[in-house]
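Trainee: Let me give you the structure first, and then I'll get to my questions.
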Amino acid sequence: MSALLSMENLTGGYGEADILQDVSLTVAQDEIVVIVGPNGAGKSTAMKSVFGLLTIRGGKMLFDEDDITGWVPNRIVQRGICYVPQVDNIFREMSIHENLEMGGFLKTGDLSAAYDRVYTLFPDLKERRKTMAGSLSGGQRQMVAMGRALMLDPKLLLLDEPTAGLSPKYMEQIFQICRDVRDTGVAILLVEQHAKQALAFADRGYVLAAGKNRHEGTGADLLADREVAEMFLGG
Amino acid sequence: MDLFELVNFYVVPGIVLGSIYALGAVGITLIFAILRYAHLAHGDLATLGAFIALAAVTGMGVSPYVALPIAVLGTAAVAVGIDKVFYEHLRERPKIVTVMASLGIALMIRAVVQVVWGVDTQTYSRGIVRPEDYFGIRIRDREIYTLLAMVVLVGVLQLFLTRSKWGKAMRAMSDNPNLALLSGIDNKKVVMLTWVIAGGLCAASGFFLGINTELKAMMGWHMLLPMFAAAILGGVGRVEGAVLGGLIVGIAEELSVLVIPSEYKAAMAFAILLFMLLVRPTGLLKGKVL
């Protein structure tokens, strides 16, 4: 089965310095793929490169049979990849419903099917649709952020540390929502600080270190790997 | 002095002046919320609007109120043009560069007005308008129209910002510009829309100052400080705050004549501005993005 997204030997960074060196990864349809690694390994950078936020100096990026290397973010959004940044990922002074409306800004015509889909995934949000997003708790904000990104019916969702700063209860909830989203046919690529929990829940994982591929495999395999375990779990 | 005298000579003119300030202050607040800089050419843009209306009145022989929409459209177009020719190139530079550029634009607009219309005082129509008496309170028609126009224009703007797709896009842009871009909102169109609205409101502000007093090349420049005071007083980024701030500054200026010599009237706005910045810099309604 051909991959939905495939990053091939990508080298690049912000400005002059290359943060990523020869990084390759793939995401298949209906798959949750997690990127883990120590601080400064280039996890978020790898994900941002998919979204065209990086200067790419080598390698290429293929998405759904298109070469998207060097595309601008706006074009990438329209092609079907949506990105949820780690911070500042909601419109605080706008209601939940308006946040979703802005997420669907590029869509012409009726948005009601998209609203239904998001509110089915996040029933909590439907009840509070008129509430200002800035007054919500961290977990609910993350739901609004994901909901906003899902409004355009992306094929691939990029999540930058969706569980950062959340309690274990919310972390579990966000992971469950990720599975629900995947089951509606949206692939997910996410970066996680909580490596152990993330590997346990993801379909596959990549371990990056110092801007290079270090390990890859199913979540369970990586968790069982001695070297990976030493890296994250303190031996 | 009885109550009627206070209302007739101070409160009514204060509300009228306040409405004029409010129209300008709303534009200042919009520009600050979306483009993040203080636009110092705002007063002179209002002057230009007032004189475009004068050109329509003298050139086409229409009534001033027919000239108003012409001035609104003309000034909006000029505002968009100024942004395209001057400010757009400075977008990536520190905001203070644009602030200084806008001061230059202010001088340029004033010079154009002086070259085209001269430096003498002018009016839309000659003659004295006697106020109507409403149970002892004397109000001129044009004073009612001023307040009414302000309320309607700001009301329509509020509806636009809260109900329409592009109005919400303006709020989104003001709230979180990066996320707005990630959502595919076209920031160039939002910026253009902002200038159309701010320019149009500016023209209305200048027009109503002109119809209630007289037209002169410095009229808008003298409004700049009170308009900024109004925007800051109400809380920068709040449309309703700018209206409230405008009314307070206008009424305070007129009432100040009771206790200080009238030549110092203009200092009132400065005093309010200073006081607000010291006591509550976020404004009466807590300042925010749009």
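Identifiers in the structure tokens: chain A, B, ... in order shown; residue index from 1 per chain; ligand index from 1 in order shown.
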Which residues of chain A are close to chain B, meaning at most 6 Å apart when you count only C-alpha atoms, and how do they look as a PyMOL selection string?

Mentor: chain A and resi 74+91+103

Trainee: Which residues are near Tyr21 (chain B)? Cut-off 12 Å, only C-alpha atoms, ignore same chain within fewer than 6 positions. Put them as a ChimeraX atom specification.

Mentor: /B:14-15,27-28,42-43,46,146-147,150,201-209,220,222-231,242-251,253,269

Trainee: Quick one: distance from CA of Asp133 (chain B) to CA of Ser256 (chain B) in Å, one decimal?

Mentor: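 These two atoms are separated by 24.9 Å.
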
Trainee: Please return as a count of residues only: the residues of region 54-290 of chain B that backbone DSSP assigns to alpha helix (DSSP H).

Mentor: 163

Trainee: Would you mind telling me which residue in A:Asp66, A:Ala145, A:Arg117, A:Leu10 lies nearest to Cys82 (chain A) when using only C-alpha atoms?

Mentor: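 Answer, going by the shortest atom-to-atom distance: A:Ala145.
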
Trainee: Excluding same-chain residues fewer than 3 positions from Ala149 (chain A), what lies within 12 Å of it counting only C-alpha atoms, as a ChimeraX atom specification?

Mentor: /A:77-78,80-85,89-90,99-106,114-115,118,142-146,152-159,181,186,188 /B:179-180,182-184

Trainee: Pull N, CA and C atoms from the residues just selected and write them as a compact mmCIF listing (two decimals), in the first residue's frame.

Mentor:
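So part.txt came out as:
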```txt
# COMPACT_ATOMS: atom_id res chain seq x y z
N VAL A 77 -2.76 23.57 2.82
CA VAL A 77 -4.05 23.47 3.50
C VAL A 77 -5.11 23.04 2.51
N GLN A 78 -5.11 23.68 1.35
CA GLN A 78 -6.14 23.37 0.36
C GLN A 78 -5.99 21.96 -0.20
N GLY A 80 -5.17 19.42 1.58
CA GLY A 80 -5.70 18.44 2.51
C GLY A 80 -4.83 18.10 3.72
N ILE A 81 -3.93 19.00 4.07
CA ILE A 81 -3.16 18.81 5.31
C ILE A 81 -3.47 19.98 6.23
N CYS A 82 -3.91 19.70 7.44
CA CYS A 82 -4.15 20.78 8.40
C CYS A 82 -3.24 20.62 9.60
N TYR A 83 -2.85 21.75 10.15
CA TYR A 83 -1.81 21.78 11.17
C TYR A 83 -2.34 22.43 12.43
N VAL A 84 -2.10 21.81 13.57
CA VAL A 84 -2.49 22.41 14.85
C VAL A 84 -1.22 22.75 15.61
N PRO A 85 -0.89 24.02 15.75
CA PRO A 85 0.33 24.40 16.47
C PRO A 85 0.22 24.03 17.95
N ASN A 89 -3.19 28.14 19.54
CA ASN A 89 -3.83 27.41 18.46
C ASN A 89 -5.34 27.61 18.40
N ILE A 90 -5.83 28.62 19.15
CA ILE A 90 -7.26 28.95 19.04
C ILE A 90 -7.41 30.46 18.91
N ASN A 99 -14.70 29.77 16.04
CA ASN A 99 -13.40 29.14 15.79
C ASN A 99 -13.52 28.10 14.68
N LEU A 100 -14.58 27.30 14.78
CA LEU A 100 -14.78 26.28 13.76
C LEU A 100 -15.07 26.93 12.41
N GLU A 101 -15.87 27.99 12.44
CA GLU A 101 -16.22 28.67 11.19
C GLU A 101 -14.95 29.17 10.50
N MET A 102 -14.02 29.72 11.29
CA MET A 102 -12.77 30.21 10.71
C MET A 102 -11.95 29.04 10.16
N GLY A 103 -12.03 27.90 10.84
CA GLY A 103 -11.34 26.71 10.35
C GLY A 103 -11.84 26.31 8.96
N GLY A 104 -13.13 26.53 8.73
CA GLY A 104 -13.71 26.17 7.44
C GLY A 104 -13.74 27.33 6.47
N PHE A 105 -12.92 28.35 6.73
CA PHE A 105 -12.97 29.58 5.95
C PHE A 105 -12.83 29.34 4.45
N LEU A 106 -11.94 28.42 4.09
CA LEU A 106 -11.65 28.21 2.67
C LEU A 106 -12.75 27.44 1.95
N ALA A 114 -19.69 19.68 8.03
CA ALA A 114 -18.41 19.76 8.74
C ALA A 114 -18.63 20.03 10.23
N TYR A 115 -19.59 20.94 10.54
CA TYR A 115 -19.90 21.20 11.95
C TYR A 115 -20.37 19.93 12.61
N VAL A 118 -17.52 17.57 13.46
CA VAL A 118 -16.70 18.00 14.58
C VAL A 118 -17.46 17.87 15.89
N GLN A 142 -7.67 22.38 23.40
CA GLN A 142 -7.05 21.47 22.45
C GLN A 142 -8.10 20.86 21.52
N MET A 143 -9.27 20.60 22.09
CA MET A 143 -10.36 20.06 21.26
C MET A 143 -10.81 21.10 20.24
N VAL A 144 -10.92 22.36 20.68
CA VAL A 144 -11.31 23.42 19.74
C VAL A 144 -10.27 23.53 18.63
N ALA A 145 -8.99 23.44 19.03
CA ALA A 145 -7.91 23.57 18.04
C ALA A 145 -7.98 22.44 17.01
N MET A 146 -8.23 21.22 17.51
CA MET A 146 -8.33 20.09 16.59
C MET A 146 -9.59 20.21 15.74
N LEU A 152 -11.90 21.51 7.46
CA LEU A 152 -11.68 21.46 6.01
C LEU A 152 -11.61 20.02 5.48
N ASP A 153 -12.02 19.06 6.30
CA ASP A 153 -11.93 17.64 5.92
C ASP A 153 -10.54 17.25 5.43
N PRO A 154 -9.51 17.47 6.24
CA PRO A 154 -8.16 17.13 5.77
C PRO A 154 -8.00 15.62 5.65
N LYS A 155 -7.01 15.22 4.86
CA LYS A 155 -6.66 13.80 4.79
C LYS A 155 -5.61 13.47 5.82
N LEU A 156 -4.86 14.51 6.21
CA LEU A 156 -3.80 14.33 7.19
C LEU A 156 -3.84 15.49 8.18
N LEU A 157 -3.77 15.12 9.45
CA LEU A 157 -3.79 16.13 10.51
C LEU A 157 -2.44 16.11 11.19
N LEU A 158 -1.83 17.30 11.34
CA LEU A 158 -0.55 17.41 12.03
C LEU A 158 -0.79 18.02 13.41
N LEU A 159 -0.36 17.32 14.46
CA LEU A 159 -0.58 17.82 15.82
C LEU A 159 0.76 18.01 16.51
N VAL A 181 -10.73 10.10 15.38
CA VAL A 181 -10.49 10.88 14.16
C VAL A 181 -9.91 9.97 13.08
N VAL A 186 -8.99 9.92 8.70
CA VAL A 186 -7.99 10.99 8.66
C VAL A 186 -6.70 10.46 9.28
N ILE A 188 -3.06 10.78 11.05
CA ILE A 188 -2.54 11.75 12.01
C ILE A 188 -1.04 11.56 12.17
N LEU B 179 -2.62 31.96 13.24
CA LEU B 179 -3.64 30.93 13.09
C LEU B 179 -4.60 31.31 11.95
N ALA B 180 -4.84 32.61 11.78
CA ALA B 180 -5.70 33.06 10.68
C ALA B 180 -5.07 32.65 9.35
N LEU B 182 -2.93 30.14 8.94
CA LEU B 182 -3.01 28.67 8.85
C LEU B 182 -4.41 28.22 8.42
N SER B 183 -5.42 29.04 8.75
CA SER B 183 -6.79 28.68 8.37
C SER B 183 -7.11 29.10 6.95
N GLY B 184 -6.13 29.74 6.29
CA GLY B 184 -6.34 30.12 4.89
C GLY B 184 -7.03 31.46 4.72
```

Trainee: To test your reading of the structure, identify every residue in region 69-202 of chain A that backbone DSSP assigns to strand (DSSP E or B), and report it as number ranges by chain.

Mentor: A: 81-84, 95, 132, 156-160, 187-191

Trainee: Please write the residues from the selection above to a file, keeping C-alpha atoms, as a PDB file, in the first residue's frame.

Mentor:
```pdb
ATOM      1  CA  ILE A  81      -3.160  18.805   5.308  1.00  0.00           C
ATOM      2  CA  CYS A  82      -4.150  20.783   8.401  1.00  0.00           C
ATOM      3  CA  TYR A  83      -1.810  21.778  11.166  1.00  0.00           C
ATOM      4  CA  VAL A  84      -2.487  22.407  14.848  1.00  0.00           C
ATOM      5  CA  SER A  95     -16.726  31.603  20.387  1.00  0.00           C
ATOM      6  CA  MET A 132     -15.460  32.210  24.234  1.00  0.00           C
ATOM      7  CA  LEU A 156      -3.802  14.333   7.189  1.00  0.00           C
ATOM      8  CA  LEU A 157      -3.793  16.128  10.506  1.00  0.00           C
ATOM      9  CA  LEU A 158      -0.549  17.413  12.027  1.00  0.00           C
ATOM     10  CA  LEU A 159      -0.583  17.823  15.815  1.00  0.00           C
ATOM     11  CA  ASP A 160       2.285  19.503  17.617  1.00  0.00           C
ATOM     12  CA  ALA A 187      -4.330  10.094   9.099  1.00  0.00           C
ATOM     13  CA  ILE A 188      -2.541  11.747  12.014  1.00  0.00           C
ATOM     14  CA  LEU A 189       1.089  12.668  12.419  1.00  0.00           C
ATOM     15  CA  LEU A 190       1.904  13.967  15.862  1.00  0.00           C
ATOM     16  CA  VAL A 191       4.866  15.036  17.906  1.00  0.00           C
TER      17      VAL A 191
END
```

Trainee: Which one is closest to Lys286 (chain B): B:Glu254, B:Glu240, B:Asp141, B:Glu263? Count only C-alpha atoms.

Mentor: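 Result for the nearest residue to Lys286 (chain B): B:Glu240.
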
Trainee: List the spatial neighbours of Ala67 (chain B) as a list in words - criterion: any atom at most 12 Å away, only C-alpha atoms, same-chain residues fewer than 2 positions off excluded.

Mentor: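 Residues near the query, excluding close chain neighbours: Gly49, Ala50, Phe51, Ile52, Ala53, Leu54, Ala55, Ala56, Val57, Thr58, Gly59, Met60, Gly61, Val62, Ser63, Pro64, Tyr65, Pro69, Ile70, Ala71, Val72, Leu73, Gly74, Tyr124, Ala203, Ala204, Phe207, Phe208 and Ile211 of chain B.
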
Trainee: Output C-alpha atoms for every residue in the selection just made, as a PDB file, in the first residue's frame.

Mentor:
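The result, written out as selection-v2.pdb:
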```
ATOM      1  CA  GLY B  49     -13.085  63.433   3.575  1.00  0.00           C
ATOM      2  CA  ALA B  50     -14.653  66.720   4.626  1.00  0.00           C
ATOM      3  CA  PHE B  51     -13.187  68.516   1.614  1.00  0.00           C
ATOM      4  CA  ILE B  52     -14.187  65.784  -0.847  1.00  0.00           C
ATOM      5  CA  ALA B  53     -17.744  66.352   0.374  1.00  0.00           C
ATOM      6  CA  LEU B  54     -17.247  70.105  -0.145  1.00  0.00           C
ATOM      7  CA  ALA B  55     -16.090  69.460  -3.694  1.00  0.00           C
ATOM      8  CA  ALA B  56     -19.273  67.476  -4.350  1.00  0.00           C
ATOM      9  CA  VAL B  57     -21.418  70.229  -2.822  1.00  0.00           C
ATOM     10  CA  THR B  58     -19.819  73.073  -4.786  1.00  0.00           C
ATOM     11  CA  GLY B  59     -19.049  71.140  -7.963  1.00  0.00           C
ATOM     12  CA  MET B  60     -22.257  69.163  -8.390  1.00  0.00           C
ATOM     13  CA  GLY B  61     -24.566  71.402  -6.432  1.00  0.00           C
ATOM     14  CA  VAL B  62     -25.898  68.542  -4.309  1.00  0.00           C
ATOM     15  CA  SER B  63     -26.943  68.830  -0.679  1.00  0.00           C
ATOM     16  CA  PRO B  64     -24.259  68.019   1.900  1.00  0.00           C
ATOM     17  CA  TYR B  65     -26.027  64.816   2.917  1.00  0.00           C
ATOM     18  CA  PRO B  69     -21.608  58.923   0.729  1.00  0.00           C
ATOM     19  CA  ILE B  70     -19.430  60.296  -2.071  1.00  0.00           C
ATOM     20  CA  ALA B  71     -16.900  61.469   0.513  1.00  0.00           C
ATOM     21  CA  VAL B  72     -17.059  58.120   2.328  1.00  0.00           C
ATOM     22  CA  LEU B  73     -16.338  56.158  -0.844  1.00  0.00           C
ATOM     23  CA  GLY B  74     -13.670  58.589  -2.024  1.00  0.00           C
ATOM     24  CA  TYR B 124     -21.015  73.569   3.248  1.00  0.00           C
ATOM     25  CA  ALA B 203     -14.686  60.780   6.077  1.00  0.00           C
ATOM     26  CA  ALA B 204     -17.917  60.721   8.096  1.00  0.00           C
ATOM     27  CA  PHE B 207     -17.884  65.646   7.292  1.00  0.00           C
ATOM     28  CA  PHE B 208     -19.831  66.016  10.523  1.00  0.00           C
ATOM     29  CA  ILE B 211     -21.187  70.592   8.925  1.00  0.00           C
TER      30      ILE B 211
END
```

Trainee: For Gln176 (chain A), which residue out of A:Arg128, A:Glu227, A:Glu161, A:Ala202 is the nearest one, using only C-alpha atoms?

Mentor: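 Counting only C-alpha atoms, the residue closest to Gln176 (chain A) is A:Ala202.
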
Trainee: Determine, counting only C-alpha atoms, which protein, DNA and RNA residues have an atom within 9 Å of an atom of Asp203 (chain A); residues of the same chain fewer than 5 positions away are not included. Present the result as a list in words.

Mentor: Glu31, Ile32, Val33, Val34, Gly217, Thr218, Gly219 and Ala220 of chain A

Trainee: Can you pull out every residue within 10 Å of Ile96 (chain B), counting only C-alpha atoms, but drop anything in the same chain fewer than 3 positions away, and send it as a ChimeraX atom specification?

Mentor: /B:36-38,90,93,99-102

Trainee: If we count only C-alpha atoms and set the cut-off at 8 Å, which residues sit around region 52-64 of chain A, ignoring sequence neighbours fewer than 3 positions away in its own chain? Please answer as a PDB file with C-alpha atoms, in the first residue's frame.

Mentor:
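Output contents, as saved in out_16.pdb:
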```
ATOM      1  CA  ALA A   3       1.871   5.934   1.707  1.00  0.00           C
ATOM      2  CA  LEU A   4      -0.321   9.024   2.022  1.00  0.00           C
ATOM      3  CA  LEU A   5       2.643  11.104   3.046  1.00  0.00           C
ATOM      4  CA  SER A   6       6.211  10.244   2.416  1.00  0.00           C
ATOM      5  CA  MET A   7       9.153  12.353   3.422  1.00  0.00           C
ATOM      6  CA  GLU A   8      12.265  11.205   1.615  1.00  0.00           C
ATOM      7  CA  ASN A   9      15.758  12.067   2.841  1.00  0.00           C
ATOM      8  CA  LEU A  10      14.738  15.546   3.888  1.00  0.00           C
ATOM      9  CA  THR A  11      17.423  18.053   4.853  1.00  0.00           C
ATOM     10  CA  GLY A  12      16.573  21.570   5.915  1.00  0.00           C
ATOM     11  CA  GLY A  13      15.944  24.066   8.689  1.00  0.00           C
ATOM     12  CA  TYR A  14      15.098  27.662   9.458  1.00  0.00           C
ATOM     13  CA  GLY A  15      17.335  30.110   7.650  1.00  0.00           C
ATOM     14  CA  ASP A  22      18.353  13.112   5.835  1.00  0.00           C
ATOM     15  CA  THR A  45      10.809  20.847  12.955  1.00  0.00           C
ATOM     16  CA  LYS A  48       6.633  21.799  10.346  1.00  0.00           C
ATOM     17  CA  SER A  49       8.589  20.782   7.265  1.00  0.00           C
ATOM     18  CA  ASP A  67       5.194  16.487  -4.883  1.00  0.00           C
ATOM     19  CA  ILE A  68       4.505  19.155  -2.269  1.00  0.00           C
ATOM     20  CA  THR A  69       8.135  20.063  -1.604  1.00  0.00           C
ATOM     21  CA  GLY A  70       8.393  23.840  -1.369  1.00  0.00           C
ATOM     22  CA  TRP A  71       4.650  24.538  -1.440  1.00  0.00           C
ATOM     23  CA  VAL A  72       3.383  27.466   0.623  1.00  0.00           C
ATOM     24  CA  PRO A  73       1.210  26.624   3.659  1.00  0.00           C
ATOM     25  CA  ILE A  76      -0.900  22.749   1.444  1.00  0.00           C
TER      26      ILE A  76
END
```

Trainee: Taking only C-alpha atoms into account, name the residue in B:Val151, B:Leu23, B:Leu255, B:Met108 that is nearest to Leu40 (chain B).

Mentor: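 Residue with the minimum atom-to-atom distance to Leu40 (chain B): B:Met108.
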
Trainee: Between CA of His215 (chain A) and CA of Gln193 (chain A), what is the distance in Å, rounded to a tenth?

Mentor: 16.2 Å

Trainee: Just give me the gap between CA of Leu3 (chain B) and CA of Ala271 (chain B) in Å, one decimal is fine.

Mentor: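 Going from CA of Leu3 (chain B) over to CA of Ala271 (chain B), I get 26.1 Å.
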